[in-house]
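Next comes start_10.tsv, with TSV, C-alpha atoms and all ligand atoms.
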chain	number	residue	atom	x	y	z
A	1	MET	CA	16.75	-7.46	-4.01
A	2	ALA	CA	18.52	-8.87	-7.11
A	3	SER	CA	17.15	-12.36	-6.42
A	4	ALA	CA	13.65	-10.96	-5.89
A	5	VAL	CA	13.82	-9.21	-9.26
A	6	ALA	CA	15.09	-12.42	-10.88
A	7	ASN	CA	12.16	-14.20	-9.27
A	8	ILE	CA	9.73	-11.71	-10.83
A	9	ARG	CA	11.26	-12.27	-14.27
A	10	ALA	CA	11.20	-16.04	-13.87
A	11	THR	CA	7.69	-16.32	-12.49
A	12	SER	CA	5.03	-17.73	-14.74
A	13	GLY	CA	2.07	-17.09	-12.42
A	14	GLY	CA	-1.52	-17.09	-13.59
A	15	ASN	CA	-1.45	-13.81	-15.39
A	16	ALA	CA	1.18	-13.51	-18.11
A	17	ARG	CA	0.47	-9.93	-19.13
A	18	PHE	CA	0.61	-8.44	-15.64
A	19	ASN	CA	3.61	-10.52	-14.59
A	20	LYS	CA	5.42	-9.15	-17.62
A	21	GLU	CA	4.47	-5.57	-16.88
A	22	ALA	CA	5.06	-5.68	-13.09
A	23	LEU	CA	8.63	-4.32	-13.12
A	24	SER	CA	7.71	-1.25	-15.20
A	25	TRP	CA	4.25	-0.70	-13.65
A	26	ASP	CA	5.30	2.02	-11.19
A	27	ALA	CA	7.17	3.95	-13.91
A	28	ARG	CA	3.85	5.05	-15.43
A	29	PRO	CA	2.69	8.41	-14.07
A	30	PHE	CA	-0.91	7.60	-15.07
A	31	VAL	CA	-0.94	4.58	-12.72
A	32	TYR	CA	-0.02	6.71	-9.70
A	33	GLU	CA	-2.32	9.59	-10.63
A	34	ALA	CA	-5.26	7.24	-11.18
A	35	SER	CA	-4.67	5.47	-7.84
A	36	GLN	CA	-4.37	8.83	-6.10
A	37	ALA	CA	-7.71	9.93	-7.56
A	38	ALA	CA	-9.26	6.59	-6.54
A	39	ALA	CA	-7.93	6.98	-2.97
A	40	GLU	CA	-9.38	10.50	-2.77
A	41	ALA	CA	-12.77	9.25	-4.05
A	42	VAL	CA	-12.79	6.34	-1.57
A	43	LEU	CA	-11.73	8.48	1.43
A	44	SER	CA	-14.23	11.20	0.56
A	45	LYS	CA	-17.07	8.64	0.20
A	46	LEU	CA	-16.11	7.09	3.56
A	47	LYS	CA	-16.20	10.53	5.15
A	48	SER	CA	-19.58	11.41	3.65
A	49	LEU	CA	-21.01	8.12	4.98
A	50	ASP	CA	-19.24	8.52	8.34
A	51	ARG	CA	-17.65	5.08	7.91
A	52	GLN	CA	-14.32	4.19	9.51
A	53	PRO	CA	-13.32	0.76	8.19
A	54	LYS	CA	-10.58	-1.09	10.05
A	55	GLN	CA	-10.04	-4.21	7.94
A	56	VAL	CA	-9.70	-3.61	4.19
A	57	LEU	CA	-9.28	-6.01	1.25
A	58	GLU	CA	-7.91	-4.74	-2.05
A	59	ILE	CA	-8.57	-7.10	-4.98
A	60	GLY	CA	-6.21	-6.65	-7.94
A	61	CYS	CA	-3.77	-4.45	-5.97
A	62	GLY	CA	-1.03	-4.59	-8.63
A	63	THR	CA	2.13	-3.18	-7.03
A	64	GLY	CA	0.09	-1.77	-4.13
A	65	THR	CA	-0.14	1.92	-5.00
A	66	LEU	CA	-3.74	2.28	-3.78
A	67	SER	CA	-3.09	0.07	-0.73
A	68	PHE	CA	-0.20	2.39	0.27
A	69	LEU	CA	-2.52	5.41	0.07
A	70	ILE	CA	-5.33	3.77	2.09
A	71	ALA	CA	-3.15	2.02	4.70
A	72	PRO	CA	-2.54	5.11	6.92
A	73	HIS	CA	-6.32	5.43	7.44
A	74	VAL	CA	-7.11	1.85	8.51
A	75	ASP	CA	-5.83	-0.99	10.72
A	76	ARG	CA	-4.82	-3.37	7.94
A	77	VAL	CA	-5.03	-3.81	4.17
A	78	VAL	CA	-4.91	-7.34	2.75
A	79	ALA	CA	-3.66	-6.67	-0.79
A	80	VAL	CA	-4.28	-9.51	-3.26
A	81	ASP	CA	-3.32	-9.89	-6.88
A	82	ALA	CA	-3.45	-12.80	-9.29
A	83	ALA	CA	-0.07	-11.87	-10.83
A	84	ASP	CA	2.84	-13.13	-8.69
A	85	GLY	CA	5.09	-10.54	-10.36
A	86	MET	CA	2.94	-7.65	-9.08
A	87	ILE	CA	3.00	-9.09	-5.55
A	88	GLU	CA	6.79	-9.55	-5.68
A	89	VAL	CA	7.20	-5.84	-6.56
A	90	LEU	CA	4.83	-4.94	-3.71
A	91	LYS	CA	6.90	-7.05	-1.28
A	92	ILE	CA	10.08	-5.21	-2.35
A	93	LYS	CA	8.35	-1.86	-1.73
A	94	LEU	CA	7.08	-3.03	1.68
A	95	ALA	CA	10.61	-4.08	2.71
A	96	LYS	CA	11.92	-0.49	2.29
A	97	SER	CA	12.31	1.70	5.34
A	98	GLY	CA	9.33	3.98	5.95
A	99	ALA	CA	6.91	1.67	4.13
A	100	PRO	CA	3.59	0.94	5.82
A	101	THR	CA	3.69	-2.07	8.14
A	102	ASN	CA	-0.03	-2.84	7.92
A	103	ILE	CA	-0.25	-4.19	4.35
A	104	LEU	CA	-0.35	-7.96	3.87
A	105	PRO	CA	0.48	-8.96	0.26
A	106	VAL	CA	-1.14	-12.16	-1.07
A	107	ALA	CA	-0.67	-13.67	-4.54
A	108	VAL	CA	-4.01	-15.24	-5.47
A	109	LEU	CA	-6.66	-15.12	-8.16
A	110	LEU	CA	-9.47	-14.53	-5.72
A	111	GLU	CA	-12.57	-16.43	-6.79
A	112	ASP	CA	-13.69	-17.88	-3.46
A	113	PRO	CA	-14.30	-15.95	-0.22
A	114	GLU	CA	-13.06	-19.02	1.67
A	115	ASP	CA	-9.80	-19.24	-0.32
A	116	GLY	CA	-7.12	-20.58	2.01
A	117	SER	CA	-4.68	-17.83	0.93
A	118	LEU	CA	-6.77	-15.26	2.81
A	119	PRO	CA	-5.98	-14.76	6.50
A	120	GLY	CA	-7.97	-16.86	8.96
A	121	ALA	CA	-10.85	-15.23	10.77
A	122	ASP	CA	-9.09	-15.26	14.12
A	123	SER	CA	-7.35	-17.85	16.24
A	124	GLY	CA	-10.57	-18.93	17.95
A	125	LYS	CA	-12.41	-19.72	14.73
A	126	PRO	CA	-12.27	-22.94	12.67
A	127	GLU	CA	-9.41	-23.13	10.15
A	128	SER	CA	-11.75	-22.99	7.14
A	129	GLN	CA	-13.34	-19.67	8.08
A	130	ARG	CA	-11.47	-16.78	6.47
A	131	GLN	CA	-11.25	-13.15	7.55
A	132	LYS	CA	-14.15	-10.88	6.60
A	133	PHE	CA	-13.67	-7.20	5.79
A	134	ASP	CA	-15.26	-3.82	6.55
A	135	LEU	CA	-14.31	-2.47	3.11
A	136	ILE	CA	-13.30	-3.96	-0.24
A	137	ILE	CA	-11.58	-1.75	-2.80
A	138	SER	CA	-10.55	-2.55	-6.35
A	139	HIS	CA	-9.18	-0.13	-8.89
A	140	LEU	CA	-8.90	-0.54	-12.68
A	141	VAL	CA	-9.60	-4.26	-12.26
A	142	LEU	CA	-13.25	-4.82	-13.19
A	143	HIS	CA	-12.65	-4.23	-16.90
A	144	HIS	CA	-10.26	-7.23	-16.85
A	145	ILE	CA	-12.66	-9.66	-15.20
A	146	PRO	CA	-14.51	-12.05	-17.51
A	147	ASP	CA	-17.48	-12.68	-15.18
A	148	LEU	CA	-18.44	-9.59	-13.16
A	149	GLY	CA	-21.30	-11.41	-11.41
A	150	SER	CA	-18.89	-14.03	-10.11
A	151	VAL	CA	-16.37	-11.53	-8.69
A	152	LEU	CA	-19.18	-9.50	-7.07
A	153	ARG	CA	-20.46	-12.69	-5.38
A	154	THR	CA	-16.91	-13.35	-4.13
A	155	MET	CA	-16.71	-9.79	-2.78
A	156	LEU	CA	-20.07	-10.10	-1.03
A	157	GLY	CA	-18.79	-13.29	0.61
A	158	CYS	CA	-15.62	-11.50	1.80
A	159	LEU	CA	-17.54	-8.68	3.52
A	160	LYS	CA	-18.59	-8.53	7.16
A	161	PRO	CA	-22.32	-7.90	7.61
A	162	GLY	CA	-22.73	-4.15	7.08
A	163	GLY	CA	-19.41	-3.90	5.20
A	164	CYS	CA	-19.17	-2.20	1.83
A	165	VAL	CA	-17.39	-2.24	-1.54
A	166	MET	CA	-15.96	0.82	-3.29
A	167	LEU	CA	-14.84	-0.24	-6.77
A	168	THR	CA	-13.31	2.26	-9.16
A	169	ASP	CA	-12.76	1.88	-12.89
A	170	PHE	CA	-13.17	3.91	-16.05
A	171	GLU	CA	-16.67	4.23	-17.46
A	172	ASP	CA	-17.93	2.65	-20.65
A	173	PHE	CA	-19.37	5.90	-22.01
A	174	GLY	CA	-19.68	4.64	-25.59
A	175	PRO	CA	-17.50	3.40	-28.49
A	176	GLU	CA	-14.74	5.94	-27.77
A	177	ALA	CA	-14.07	4.28	-24.39
A	178	LYS	CA	-12.20	1.59	-26.35
A	179	ARG	CA	-9.38	4.09	-26.83
A	180	PHE	CA	-8.38	3.77	-23.14
A	181	HIS	CA	-6.03	0.92	-24.13
A	182	PRO	CA	-3.52	1.02	-26.98
A	183	ALA	CA	-3.94	-1.75	-29.59
A	184	SER	CA	-0.97	-3.70	-28.15
A	185	LYS	CA	-2.55	-3.91	-24.68
A	186	MET	CA	-5.93	-5.39	-25.46
A	187	ALA	CA	-4.91	-8.83	-24.10
A	188	GLY	CA	-6.94	-9.48	-20.95
A	189	VAL	CA	-9.26	-6.51	-21.55
A	190	GLU	CA	-12.73	-8.01	-21.18
A	191	ARG	CA	-14.70	-4.80	-21.66
A	192	HIS	CA	-13.96	-1.18	-22.50
A	193	GLY	CA	-14.90	0.25	-19.13
A	194	ILE	CA	-17.92	-0.27	-16.90
A	195	ASP	CA	-21.47	0.49	-17.99
A	196	ALA	CA	-22.94	2.35	-15.00
A	197	ALA	CA	-26.57	1.25	-15.41
A	198	ALA	CA	-25.68	-2.41	-16.07
A	199	MET	CA	-23.27	-2.46	-13.10
A	200	SER	CA	-25.86	-0.94	-10.80
A	201	LYS	CA	-28.46	-3.55	-11.81
A	202	LEU	CA	-25.93	-6.39	-11.45
A	203	MET	CA	-24.93	-5.27	-7.95
A	204	HIS	CA	-28.61	-5.15	-6.92
A	205	ASP	CA	-29.24	-8.58	-8.46
A	206	ILE	CA	-26.24	-10.11	-6.62
A	207	GLY	CA	-27.63	-8.82	-3.32
A	208	PHE	CA	-25.81	-5.57	-2.53
A	209	LYS	CA	-27.85	-2.93	-0.68
A	210	HIS	CA	-27.74	0.87	-1.04
A	211	VAL	CA	-26.07	0.54	-4.44
A	212	SER	CA	-24.82	3.64	-6.23
A	213	VAL	CA	-22.68	3.69	-9.37
A	214	GLN	CA	-21.61	7.21	-10.25
A	215	ALA	CA	-18.91	9.06	-12.14
A	216	GLU	CA	-16.70	10.64	-9.46
A	217	TRP	CA	-13.83	12.13	-11.46
A	218	THR	CA	-12.34	12.43	-14.93
A	219	MET	CA	-8.75	11.94	-16.02
A	220	ARG	CA	-6.89	12.84	-19.18
A	221	LYS	CA	-4.89	10.04	-20.77
A	222	ARG	CA	-2.71	9.93	-23.90
A	223	VAL	CA	-4.37	7.64	-26.41
A	224	GLU	CA	-3.41	6.40	-29.85
A	225	SER	CA	-4.44	8.58	-32.82
A	226	PHE	CA	-4.51	5.37	-34.87
A	227	ASP	CA	-4.37	1.67	-33.94
A	228	GLY	CA	-0.82	0.53	-33.13
A	229	GLU	CA	0.69	4.05	-32.90
A	230	PHE	CA	2.36	3.32	-29.54
A	231	GLY	CA	4.02	0.17	-30.88
A	232	GLY	CA	4.09	-3.35	-29.64
A	233	ASP	CA	5.41	-5.37	-26.74
A	234	ASP	CA	8.95	-4.01	-26.63
A	235	GLY	CA	7.67	-0.50	-25.92
A	236	LEU	CA	4.98	-1.97	-23.60
A	237	GLY	CA	2.44	0.08	-25.50
A	238	MET	CA	3.29	3.23	-23.57
A	239	ALA	CA	2.61	6.69	-24.95
A	240	LYS	CA	5.56	8.93	-25.72
A	241	GLN	CA	5.13	12.66	-25.27
A	242	GLU	CA	5.19	13.37	-28.97
A	243	THR	CA	2.71	10.67	-30.00
A	244	GLY	CA	-1.02	10.17	-29.68
A	245	GLU	CA	-3.53	12.67	-28.36
A	246	SER	CA	-5.00	13.54	-24.98
A	247	MET	CA	-8.50	12.29	-24.17
A	248	SER	CA	-10.69	12.61	-21.10
A	249	PHE	CA	-12.10	9.51	-19.36
A	250	PRO	CA	-14.79	9.47	-16.66
A	251	PHE	CA	-14.18	7.17	-13.68
A	252	LEU	CA	-16.96	5.43	-11.74
A	253	LEU	CA	-17.14	4.61	-8.07
A	254	CYS	CA	-19.35	1.52	-7.63
A	255	TYR	CA	-20.71	1.38	-4.09
A	256	GLY	CA	-22.74	-1.33	-2.36
A	257	GLU	CA	-23.22	-2.73	1.13
A	258	ARG	CA	-23.71	-6.19	2.55
A	259	ALA	CA	-26.90	-6.35	4.62
A	260	ASP	CA	-26.44	-6.38	8.40
B	1	LIG	C1	-4.88	-3.07	-14.62
B	1	LIG	S1	-4.17	-3.93	-13.27
B	1	LIG	C2	-4.49	-2.73	-12.00
B	1	LIG	C3	-3.53	-2.86	-10.85
B	1	LIG	C4	-3.71	-1.81	-9.77
B	1	LIG	N1	-5.03	-1.83	-9.18
B	1	LIG	C5	-3.38	-0.43	-10.29
B	1	LIG	O1	-4.31	0.35	-10.57
B	1	LIG	O2	-2.20	-0.12	-10.44
B	1	LIG	C6	-5.37	-5.20	-12.90
B	1	LIG	C7	-4.85	-6.20	-11.89
B	1	LIG	O3	-5.95	-7.01	-11.40
B	1	LIG	C8	-5.47	-8.31	-11.13
B	1	LIG	N2	-6.65	-9.19	-11.02
B	1	LIG	C9	-7.66	-9.33	-11.90
B	1	LIG	N3	-8.60	-10.18	-11.41
B	1	LIG	C10	-8.19	-10.56	-10.17
B	1	LIG	C11	-8.73	-11.42	-9.14
B	1	LIG	N4	-9.91	-12.05	-9.25
B	1	LIG	N5	-8.02	-11.60	-8.00
B	1	LIG	C12	-6.84	-10.97	-7.85
B	1	LIG	N6	-6.29	-10.14	-8.78
B	1	LIG	C13	-6.95	-9.93	-9.92
B	1	LIG	C14	-4.49	-8.56	-12.27
B	1	LIG	O4	-3.54	-9.56	-11.96
B	1	LIG	C15	-3.83	-7.18	-12.45
B	1	LIG	O5	-2.62	-7.06	-11.72
Taking this structure as input, can you express it in the form of structure tokens?
Ligand SMILES: C[S@@+](CC[C@H](N)C(=O)[O-])C[C@H]1O[C@@H](n2cnc3c(N)ncnc32)[C@H](O)[C@@H]1O
Amino acid sequence: MASAVANIRATSGGNARFNKEALSWDARPFVYEASQAAAEAVLSKLKSLDRQPKQVLEIGCGTGTLSFLIAPHVDRVVAVDAADGMIEVLKIKLAKSGAPTNILPVAVLLEDPEDGSLPGADSGKPESQRQKFDLIISHLVLHHIPDLGSVLRTMLGCLKPGGCVMLTDFEDFGPEAKRFHPASKMAGVERHGIDAAAMSKLMHDIGFKHVSVQAEWTMRKRVESFDGEFGGDDGLGMAKQETGESMSFPFLLCYGERAD
């Protein structure tokens, strides 16, 4: 355990900000509450569509909070994250007694559906062909991705025919959406939430079928009353009870299917 933690601190990985934040990630109540709301939205959408996915891919799993919540409902979750530090924390959690045994953690910046870090399709298939999934989930990740079209193409390539994506993130509902992040945590934020109409059009254009992008829930979050109120790096930009103000943020569920 001590050496694993040292490894997290020492790792440089491809994602400096999230490597740095990995050890304190699970100490944030908002992270768990948001993942719980995402899991409820995903499970309720699956129920309404009468879908029972077996093989699930989570892209940008962080320390695996959403994967843990989805795992009891499916055969296996392949949980990938670009930040080695996040995956190291997930591995520590998975090694504890009582943890799910059907989550496979993978440290990779996933940009290619045939990336060799993904599990192989099955033993009978050629080495180069990677596993395809019934469901892809991704939570609070899209707003960090520079090229949404590119990641959606990757997701489409990771789906089985007839498989679907359920991507959750906060909505870009206007200029106030910028307040989701404190000033000290703007590094790696590519957009202040997801614009529902633009996302819907993009998913159609990339080739997803039966697309729907809708606000599914709202969450209250403590935000800065003025830029920099929550401090800088040492405090990790986290709100203290007595600072900031509470603001409500809508969350979208972006749904699309790969054609049969
Ligand atoms: C804001 S964190 C969210 C983590 C987690 N989903 C949660 O809600 O706790 C975004 C994560 O997405 C990861 N990420 C972004 N793009 C990625 C990609 N293409 N492949 C894998 N991970 C990615 C980052 O490394 C980071 O850990």
Requested in this report: Throw together the list of residues within 9 Å of ligand LIG 1 (chain B), counting all atoms listed in the file, and drop it here as a ChimeraX atom specification.
Outcome: /A:14-19,21-22,25-26,31-32,34-35,38,58-67,79-87,106-111,138-146,151,154,169,189
Query raised in the report: Given the choices A:Glu176, A:Asp134, A:Glu114, A:Glu229, which gets closest to Cys164 in chain A if the distance is worked out from all atoms listed in the file?
Result: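 Of the candidates, the smallest distance to Cys164 in chain A is held by A:Asp134.
For Arg179 in chain A, the list of residues within 12 Å, based on all atoms listed in the file and with local chain neighbours fewer than 6 positions off taken out, reads A:Phe170, A:Glu171, A:Asp172, A:Phe173, A:Lys185, A:Met186, A:Val189, A:Arg191, A:His192, A:Gly193, A:Arg220, A:Lys221, A:Arg222, A:Val223, A:Glu224, A:Ser225, A:Phe226, A:Asp227, A:Gly228, A:Glu229, A:Gly244, A:Glu245, A:Ser246, A:Met247, A:Ser248, A:Phe249.
Interatomic distance, CA of Ser212 in chain A against CA of Tyr255 in chain A: 5.2 Å.
Excluding Arg76 in chain A itself and any same-chain residue fewer than 2 positions from it, the protein and nucleic acid residues within 8 Å of it, counting only C-alpha atoms, are Lys54, Gln55, Val56, Ala71, Val74, Val78, Asn102, Ile103 and Leu104 of chain A.
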Report summary line: Of A:Asp122, A:Glu33, A:Leu46, A:Asp112, the one nearest to Thr218 in chain A when counting all atoms listed in the file is A:Glu33
Report task. Write out as a list in words which residues come within 10 Å of Gln129 in chain A when counting all atoms listed in the file, dropping same-chain ones fewer than 4 positions away. Result ->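 In the requested form, the answer reads Pro113, Glu114, Asp115, Gly116, Leu118, Pro119, Gly120, Ala121, Asp122 and Lys125 of chain A.
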Using C-alpha atoms, can you export the residues from the last selection as a compact mmCIF listing (two decimals), in the coordinates of the input?
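The file below, selection05.txt, is the result:
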# COMPACT_ATOMS: atom_id res chain seq x y z
CA PRO A 113 -14.30 -15.95 -0.22
CA GLU A 114 -13.06 -19.02 1.67
CA ASP A 115 -9.80 -19.24 -0.32
CA GLY A 116 -7.12 -20.58 2.01
CA LEU A 118 -6.77 -15.26 2.81
CA PRO A 119 -5.98 -14.76 6.50
CA GLY A 120 -7.97 -16.86 8.96
CA ALA A 121 -10.85 -15.23 10.77
CA ASP A 122 -9.09 -15.26 14.12
CA LYS A 125 -12.41 -19.72 14.73
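In terms of minimum interatomic distance to Ala177 in chain A, A:Pro250 ranks closest within A:Leu202, A:Ile137, A:Pro250, A:Gly231, counting all atoms listed in the file.
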